[in-house]
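Visitor: Mind having a look at this structure? Questions to follow.
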Amino acid sequence: MISKPTLDTVAAEAGVSRATVSRVINGSPRVSPEVKVAVETAIAALGYVPNRAARSLAMRRTDSIALVMREPDATVLNDPYLGNIIIATSQTLIGTGVQLVLVNAQNTAEHAQLADYVRSGHVDGVLLASMHDDDPLPRLLLEAGIPTVVGGRPSRPMPGLSYVDVDNVGGAQLAAERLLASDRRRIATIAGPQDMTAGIDRLSGYRLALSNTGRKADRVAYGDFTRESGQQAMTALLARHPDLDAVFVANDLMAIGALRSLRDAGRRVPDDVAVVGYDDIDMARHTEPPLTTIHQPIVDQARTMTELLLTQIGGDPVADPVVLPTVLVERESA
């Protein structure tokens with residue numbers, strides 16, 4: 001009777017360790033292309049079929065991860081940034097055998113339910129996106145030993161917690177410097193929520209750019225990253241500072257709302273007021289005029305988050321924080 005090939009026979013055939021074979025089967029990104037080909041060739045030659053059900057039971061694995069967002073349902077559905085995070089995460093999981101569970105936890109009760117759900121072993125790990133500074137989930141998951149990766153820098157340092165951020169301070173500084181370079185002198189900003197590090201850091205970048213030229217950074221209004229809040233904030237800025245000639249807006253959705261407010265007020269963009277956004281969502285190319293903005297690598301962020309989580313689940317140590325660069329995309333609004 002011919003015995004069925006095992007993980008050990010595949011490892012011997014490929015000339016690698018048993019752990020390396022397991023990583024290839026589990027879709028770990030931390031395997032070189034050459035080793036991956038060698039293992040897959042050995043699997044094909046031997047006719048090895050991974051018993052995912054048995055492996056999951058033995059390792060107490062569910063082969064699923066949760067992507068958690070803490071925003072109202074309408075925001076999740078309407079925010080292109082969050083939509084791109086979901087799509088990129090799903091695409092990264094293709095071929096890994098790992099399923100994605102979407103969870104939207106909006107309040108304290110839902111956070112407690114989610115923490116119990118995760119601690120009960122229903123998922124192997126958690127991705128946290130759109131976190132606010134009063135969110136208890138990162139600490140709860142860290143203390144429970146649940147593999148977790150956060151999108152964005154946590155508001156407080158948490159040793160042992162992995163995160164993937166973008167250079168929000170540098171990106172906002174770049175936006176404000178672009179406005180200064182075009183001889184704009186009365187530059188305002190519509191800042192994002194100050195209970196989110198992205199909102200805090202983008203306001204800091206704006207202030208840094210203006211302070212470096214000796215200008216006051218006191219033309220500030222706040223929004224919540226929605227189009228409506230951008231329109232309201234722009235209207236408030238025009239009322240308080242009718243002489244403003246430029247505005248940096250902390251995300252593109254709010255910038256689209258700001259463009260509407262400027263149009264309603266009879267201000268020409270960019271002739272009277274230049275506008276720079278942040279995100280480089282698809283709609284930024286289709287505004288009137290097309291929106292100059294800061295491109296942040298949303299797809300790369302989601303992909304990196306997912307890969308880091310998979311390696312944690314596979315037994316690798318928690319990775320160091322990753323900060324991705326941003327670039328200016330020049331269009332016609334500034």
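Following the order of the structure tokens, first chain is A, next is B, and so on, with residues numbered from 1 inside each chain and ligands from 1 in the order they appear.
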Would you kindly return, as a ChimeraX atom specification, each protein, DNA or RNA residue with an atom no farther than 8 Å from any atom of range 91-98 of chain A, considering only C-alpha atoms and excluding same-chain residues fewer than 3 positions away?

Guide: /A:25-27,63-65,87-88,303,306-307

Visitor: Can you tell me, as a PyMOL selection string, what residues are no more than 9 Å from Ala265 in chain A when counting only C-alpha atoms, ignoring any on the same chain fewer than 5 positions away?

Guide: chain A and resi 235+238+260

Visitor: Would you give me, as JSON lines, each residue of range 236-289 of chain A having an atom within 12 Å of an atom of range 161-179 of chain A, along with its shortest atom pair and that distance in Å to one decimal, using only C-alpha atoms and sorting by chain and residue number?

Guide:
{"residue": "A:Leu244", "atom": "CA", "partner": "A:Leu179", "partner_atom": "CA", "distance": 12.0}
{"residue": "A:Asp245", "atom": "CA", "partner": "A:Leu179", "partner_atom": "CA", "distance": 9.4}
{"residue": "A:Ala246", "atom": "CA", "partner": "A:Leu179", "partner_atom": "CA", "distance": 6.9}
{"residue": "A:Val247", "atom": "CA", "partner": "A:Leu179", "partner_atom": "CA", "distance": 8.2}
{"residue": "A:Phe248", "atom": "CA", "partner": "A:Ala176", "partner_atom": "CA", "distance": 6.5}
{"residue": "A:Val249", "atom": "CA", "partner": "A:Ala172", "partner_atom": "CA", "distance": 8.9}
{"residue": "A:Ala250", "atom": "CA", "partner": "A:Ala172", "partner_atom": "CA", "distance": 7.7}
{"residue": "A:Asn251", "atom": "CA", "partner": "A:Ala172", "partner_atom": "CA", "distance": 10.1}
{"residue": "A:Pro270", "atom": "CA", "partner": "A:Leu179", "partner_atom": "CA", "distance": 10.7}
{"residue": "A:Val273", "atom": "CA", "partner": "A:Leu179", "partner_atom": "CA", "distance": 10.2}
{"residue": "A:Ala274", "atom": "CA", "partner": "A:Leu179", "partner_atom": "CA", "distance": 7.4}
{"residue": "A:Val275", "atom": "CA", "partner": "A:Leu179", "partner_atom": "CA", "distance": 8.3}
{"residue": "A:Val276", "atom": "CA", "partner": "A:Ala175", "partner_atom": "CA", "distance": 6.4}
{"residue": "A:Gly277", "atom": "CA", "partner": "A:Ala175", "partner_atom": "CA", "distance": 7.9}
{"residue": "A:Tyr278", "atom": "CA", "partner": "A:Ala172", "partner_atom": "CA", "distance": 7.8}
{"residue": "A:Asp279", "atom": "CA", "partner": "A:Gly171", "partner_atom": "CA", "distance": 9.7}
{"residue": "A:Asp280", "atom": "CA", "partner": "A:Gly171", "partner_atom": "CA", "distance": 11.7}

Visitor: Since we have the selection now, will you write its residues out, keeping N, CA and C atoms, as a PDB file, in the first residue's frame?

Guide:
ATOM      1  N   LEU A 244      -8.951  84.722   2.892  1.00  0.00           N
ATOM      2  CA  LEU A 244      -8.103  83.554   2.651  1.00  0.00           C
ATOM      3  C   LEU A 244      -7.952  83.304   1.151  1.00  0.00           C
ATOM      4  N   ASP A 245      -6.764  82.841   0.761  1.00  0.00           N
ATOM      5  CA  ASP A 245      -6.526  82.594  -0.665  1.00  0.00           C
ATOM      6  C   ASP A 245      -6.120  81.149  -0.969  1.00  0.00           C
ATOM      7  N   ALA A 246      -6.147  80.296   0.060  1.00  0.00           N
ATOM      8  CA  ALA A 246      -5.815  78.890  -0.160  1.00  0.00           C
ATOM      9  C   ALA A 246      -6.302  78.075   1.029  1.00  0.00           C
ATOM     10  N   VAL A 247      -6.542  76.796   0.784  1.00  0.00           N
ATOM     11  CA  VAL A 247      -6.948  75.909   1.868  1.00  0.00           C
ATOM     12  C   VAL A 247      -6.408  74.511   1.612  1.00  0.00           C
ATOM     13  N   PHE A 248      -5.776  73.962   2.638  1.00  0.00           N
ATOM     14  CA  PHE A 248      -5.401  72.544   2.616  1.00  0.00           C
ATOM     15  C   PHE A 248      -6.471  71.783   3.379  1.00  0.00           C
ATOM     16  N   VAL A 249      -7.033  70.757   2.735  1.00  0.00           N
ATOM     17  CA  VAL A 249      -8.118  69.986   3.330  1.00  0.00           C
ATOM     18  C   VAL A 249      -7.613  68.573   3.628  1.00  0.00           C
ATOM     19  N   ALA A 250      -7.886  68.078   4.834  1.00  0.00           N
ATOM     20  CA  ALA A 250      -7.239  66.863   5.341  1.00  0.00           C
ATOM     21  C   ALA A 250      -7.702  65.566   4.693  1.00  0.00           C
ATOM     22  N   ASN A 251      -8.741  65.601   3.873  1.00  0.00           N
ATOM     23  CA  ASN A 251      -9.022  64.443   3.007  1.00  0.00           C
ATOM     24  C   ASN A 251      -9.841  64.900   1.810  1.00  0.00           C
ATOM     25  N   PRO A 270      -8.718  77.769  -9.187  1.00  0.00           N
ATOM     26  CA  PRO A 270      -7.842  78.254  -8.108  1.00  0.00           C
ATOM     27  C   PRO A 270      -7.600  79.765  -8.112  1.00  0.00           C
ATOM     28  N   VAL A 273      -9.169  81.126  -4.690  1.00  0.00           N
ATOM     29  CA  VAL A 273      -8.775  80.236  -3.586  1.00  0.00           C
ATOM     30  C   VAL A 273      -8.238  78.932  -4.181  1.00  0.00           C
ATOM     31  N   ALA A 274      -6.993  78.608  -3.836  1.00  0.00           N
ATOM     32  CA  ALA A 274      -6.416  77.326  -4.253  1.00  0.00           C
ATOM     33  C   ALA A 274      -6.776  76.256  -3.230  1.00  0.00           C
ATOM     34  N   VAL A 275      -6.979  75.032  -3.689  1.00  0.00           N
ATOM     35  CA  VAL A 275      -7.402  73.938  -2.808  1.00  0.00           C
ATOM     36  C   VAL A 275      -6.510  72.724  -3.046  1.00  0.00           C
ATOM     37  N   VAL A 276      -6.008  72.148  -1.941  1.00  0.00           N
ATOM     38  CA  VAL A 276      -5.266  70.891  -1.992  1.00  0.00           C
ATOM     39  C   VAL A 276      -5.919  69.913  -1.032  1.00  0.00           C
ATOM     40  N   GLY A 277      -6.185  68.697  -1.508  1.00  0.00           N
ATOM     41  CA  GLY A 277      -6.787  67.666  -0.670  1.00  0.00           C
ATOM     42  C   GLY A 277      -5.777  66.645  -0.200  1.00  0.00           C
ATOM     43  N   TYR A 278      -6.287  65.498   0.242  1.00  0.00           N
ATOM     44  CA  TYR A 278      -5.419  64.438   0.761  1.00  0.00           C
ATOM     45  C   TYR A 278      -6.129  63.099   0.577  1.00  0.00           C
ATOM     46  N   ASP A 279      -5.485  62.147  -0.028  1.00  0.00           N
ATOM     47  CA  ASP A 279      -5.920  60.761  -0.249  1.00  0.00           C
ATOM     48  C   ASP A 279      -5.689  60.341  -1.688  1.00  0.00           C
ATOM     49  N   ASP A 280      -6.069  61.219  -2.636  1.00  0.00           N
ATOM     50  CA  ASP A 280      -6.041  60.891  -4.063  1.00  0.00           C
ATOM     51  C   ASP A 280      -7.012  59.763  -4.381  1.00  0.00           C
TER      52      ASP A 280
END

Visitor: Please return as a list in words: the residues of range 153-186 of chain A that backbone DSSP assigns to alpha helix (DSSP H).

Guide: Asn168, Val169, Gly170, Gly171, Ala172, Gln173, Leu174, Ala175, Ala176, Glu177, Arg178, Leu179, Leu180 and Ala181 of chain A

Visitor: May I ask which of the residues A:His111, A:Tyr48, A:Gly199, A:Gly151 is the closest one to Asp300 in chain A, counting only C-alpha atoms?

Guide: A:Gly151

Visitor: Could you give me, as a PyMOL selection string, the residues within 8 Å of Thr197 in chain A, counting only C-alpha atoms and dropping anything in the same chain fewer than 3 positions from it?

Guide: chain A and resi 132-133+152-155+194+200-201

Visitor: Filtering to N, CA and C atoms, could you give me those residues as a CSV table (one decimal), in the first residue's frame?

Guide:
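Resulting contents of again_26.csv:
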chain,number,residue,atom,x,y,z
A,132,HIS,N,-10.1,55.3,16.6
A,132,HIS,CA,-10.1,56.6,17.4
A,132,HIS,C,-9.4,56.4,18.7
A,133,ASP,N,-9.0,57.5,19.3
A,133,ASP,CA,-8.0,57.4,20.4
A,133,ASP,C,-8.7,56.8,21.7
A,152,GLY,N,-2.7,52.7,10.7
A,152,GLY,CA,-2.5,54.0,11.3
A,152,GLY,C,-1.7,53.9,12.7
A,153,ARG,N,-1.0,55.0,13.0
A,153,ARG,CA,-0.3,55.0,14.3
A,153,ARG,C,-1.3,55.1,15.4
A,154,PRO,N,-1.2,54.2,16.4
A,154,PRO,CA,-2.0,54.3,17.6
A,154,PRO,C,-1.8,55.6,18.3
A,155,SER,N,-2.8,56.1,19.0
A,155,SER,CA,-2.6,57.4,19.7
A,155,SER,C,-1.7,57.3,20.9
A,194,GLN,N,-9.8,65.2,15.6
A,194,GLN,CA,-8.6,65.3,16.5
A,194,GLN,C,-8.5,64.1,17.5
A,200,ILE,N,-4.8,64.5,13.5
A,200,ILE,CA,-3.8,65.2,14.3
A,200,ILE,C,-2.5,65.5,13.5
A,201,ASP,N,-2.0,64.4,12.9
A,201,ASP,CA,-0.7,64.5,12.1
A,201,ASP,C,-0.8,65.5,10.9

Visitor: Rank nothing, just name the residue among A:Leu100, A:Ala191, A:Val126, A:Ala11 nearest to Tyr206 in chain A, using only C-alpha atoms.

Guide: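 Going through A:Leu100, A:Ala191, A:Val126, A:Ala11 one by one, the smallest distance to Tyr206 in chain A is for A:Ala191.
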
Visitor: Would you mind listing what lies within 10 Å of range 216-226 of chain A as a PyMOL selection string, with only C-alpha atoms counted and same-chain residues fewer than 6 positions away left out?

Guide: chain A and resi 75+78-79+186-196+199+203-204+206-210+232-238+240-241+244+247-257

Visitor: What's around Gln312 in chain A at 12 Å? Count only C-alpha atoms, leave out sequence neighbours fewer than 2 positions away in its own chain, and write the answer as JSON, numbers by chain.

Guide: {"A": [23, 26, 28, 29, 30, 65, 124, 125, 126, 127, 145, 146, 147, 148, 149, 160, 161, 162, 305, 306, 307, 308, 309, 310, 314, 315, 316, 317, 318, 319, 320]}

Visitor: Could you tell me how far CA of Val21 in chain A lies from CA of Val101 in chain A, in Å and to one decimal?

Guide: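 Answer for the CA of Val21 in chain A to CA of Val101 in chain A separation: 26.4 Å.
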
Visitor: Can you work out which one of A:Ser333, A:Ser130, A:Gln301, A:Thr20 has the shortest atom-to-atom distance to Pro321 in chain A, counting only C-alpha atoms?

Guide: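 Among the listed residues, A:Gln301 lies closest to Pro321 in chain A.
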
Visitor: Could you pull out the residues in range 42-280 of chain A that DSSP calls strand (DSSP E) from the backbone, as number ranges by chain?

Guide: A: 64-69, 99-104, 125-129, 148-151, 162-166, 187-191, 220-222, 246-249, 274-279

Visitor: Residues as selected, C-alpha atoms, written as a PDB file, in the first residue's frame, can you do that?

Guide:
ATOM      1  CA  SER A  64     -10.336  33.596   8.853  1.00  0.00           C
ATOM      2  CA  ILE A  65      -9.374  37.106   9.931  1.00  0.00           C
ATOM      3  CA  ALA A  66     -11.512  40.074  10.933  1.00  0.00           C
ATOM      4  CA  LEU A  67     -11.260  43.563   9.455  1.00  0.00           C
ATOM      5  CA  VAL A  68     -12.724  45.919  12.048  1.00  0.00           C
ATOM      6  CA  MET A  69     -13.801  49.499  11.358  1.00  0.00           C
ATOM      7  CA  GLN A  99     -11.457  34.247   4.630  1.00  0.00           C
ATOM      8  CA  LEU A 100     -12.218  37.866   5.507  1.00  0.00           C
ATOM      9  CA  VAL A 101     -14.850  38.786   8.103  1.00  0.00           C
ATOM     10  CA  LEU A 102     -15.983  42.430   8.051  1.00  0.00           C
ATOM     11  CA  VAL A 103     -16.993  43.920  11.387  1.00  0.00           C
ATOM     12  CA  ASN A 104     -18.188  47.439  12.147  1.00  0.00           C
ATOM     13  CA  GLY A 125      -6.307  37.585  13.868  1.00  0.00           C
ATOM     14  CA  VAL A 126      -7.625  41.119  13.526  1.00  0.00           C
ATOM     15  CA  LEU A 127      -6.969  44.118  11.296  1.00  0.00           C
ATOM     16  CA  LEU A 128      -8.090  47.413  12.833  1.00  0.00           C
ATOM     17  CA  ALA A 129      -8.866  50.334  10.501  1.00  0.00           C
ATOM     18  CA  THR A 148      -3.401  42.237  15.535  1.00  0.00           C
ATOM     19  CA  VAL A 149      -2.271  44.864  13.056  1.00  0.00           C
ATOM     20  CA  VAL A 150      -3.531  48.454  13.134  1.00  0.00           C
ATOM     21  CA  GLY A 151      -3.970  50.740  10.151  1.00  0.00           C
ATOM     22  CA  SER A 162       2.138  46.172  14.934  1.00  0.00           C
ATOM     23  CA  TYR A 163       0.881  49.009  12.754  1.00  0.00           C
ATOM     24  CA  VAL A 164       1.163  50.346   9.209  1.00  0.00           C
ATOM     25  CA  ASP A 165       0.868  54.101   8.797  1.00  0.00           C
ATOM     26  CA  VAL A 166       1.513  56.673   6.088  1.00  0.00           C
ATOM     27  CA  ILE A 187      -3.586  79.646   3.866  1.00  0.00           C
ATOM     28  CA  ALA A 188      -6.325  77.968   5.879  1.00  0.00           C
ATOM     29  CA  THR A 189      -6.901  74.306   6.656  1.00  0.00           C
ATOM     30  CA  ILE A 190      -9.861  72.036   7.209  1.00  0.00           C
ATOM     31  CA  ALA A 191      -8.489  69.525   9.698  1.00  0.00           C
ATOM     32  CA  VAL A 220      -8.363  76.333  11.116  1.00  0.00           C
ATOM     33  CA  ALA A 221     -11.755  74.641  10.928  1.00  0.00           C
ATOM     34  CA  TYR A 222     -12.550  70.998  11.686  1.00  0.00           C
ATOM     35  CA  ALA A 246      -5.815  78.890  -0.160  1.00  0.00           C
ATOM     36  CA  VAL A 247      -6.948  75.909   1.868  1.00  0.00           C
ATOM     37  CA  PHE A 248      -5.401  72.544   2.616  1.00  0.00           C
ATOM     38  CA  VAL A 249      -8.118  69.986   3.330  1.00  0.00           C
ATOM     39  CA  ALA A 274      -6.416  77.326  -4.253  1.00  0.00           C
ATOM     40  CA  VAL A 275      -7.402  73.938  -2.808  1.00  0.00           C
ATOM     41  CA  VAL A 276      -5.266  70.891  -1.992  1.00  0.00           C
ATOM     42  CA  GLY A 277      -6.787  67.666  -0.670  1.00  0.00           C
ATOM     43  CA  TYR A 278      -5.419  64.438   0.761  1.00  0.00           C
ATOM     44  CA  ASP A 279      -5.920  60.761  -0.249  1.00  0.00           C
TER      45      ASP A 279
END

Visitor: Expressed in Å to a single decimal, how great is the separation between CA of Leu262 in chain A and CA of Leu82 in chain A?

Guide: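 According to the coordinates, CA of Leu262 in chain A and CA of Leu82 in chain A are separated by 26.6 Å.
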
Visitor: Between A:Pro242, A:Gly15, A:Leu137, A:Arg185, which is the closest to Arg215 in chain A once you count only C-alpha atoms?

Guide: A:Arg185

Visitor: Can you tell me, as a PyMOL selection string, what residues are no more than 10 Å from Val16 in chain A when counting only C-alpha atoms, ignoring any on the same chain fewer than 5 positions away?

Guide: chain A and resi 8+10-11+21+35+38-39

Visitor: Leaving out Leu259 in chain A and any residue of its chain fewer than 5 positions from it, which residues lie within 9 Å of it when counting only C-alpha atoms, given as a short mmCIF file (atom, residue, chain, number, x, y, z; two decimals) with N, CA and C atoms, in the first residue's frame?

Guide:
data_model
loop_
_atom_site.label_atom_id
_atom_site.label_comp_id
_atom_site.auth_asym_id
_atom_site.auth_seq_id
_atom_site.Cartn_x
_atom_site.Cartn_y
_atom_site.Cartn_z
N GLY A 230 -16.89 68.95 5.29
CA GLY A 230 -15.98 69.81 4.55
C GLY A 230 -16.67 71.05 4.03
N GLN A 231 -17.89 70.88 3.56
CA GLN A 231 -18.65 72.02 3.07
C GLN A 231 -18.97 72.99 4.20
N MET A 234 -15.74 74.83 5.33
CA MET A 234 -15.32 75.85 4.37
C MET A 234 -16.17 77.09 4.49
N MET A 254 -13.74 65.77 2.18
CA MET A 254 -13.99 67.11 2.71
C MET A 254 -13.61 68.18 1.69
N ASP A 264 -20.49 78.04 -4.22
CA ASP A 264 -21.71 78.72 -3.77
C ASP A 264 -21.42 80.16 -3.33
N VAL A 269 -11.87 78.74 -8.18
CA VAL A 269 -10.77 77.84 -7.82
C VAL A 269 -10.02 77.49 -9.11
N VAL A 275 -6.98 75.03 -3.69
CA VAL A 275 -7.40 73.94 -2.81
C VAL A 275 -6.51 72.72 -3.05
N THR A 287 -13.44 66.12 -10.11
CA THR A 287 -14.05 67.33 -9.57
C THR A 287 -13.88 68.47 -10.57
N GLU A 288 -14.51 69.59 -10.27
CA GLU A 288 -14.40 70.77 -11.13
C GLU A 288 -13.87 71.95 -10.31
N PRO A 289 -12.60 72.31 -10.48
CA PRO A 289 -11.58 71.69 -11.33
C PRO A 289 -11.03 70.41 -10.68
#
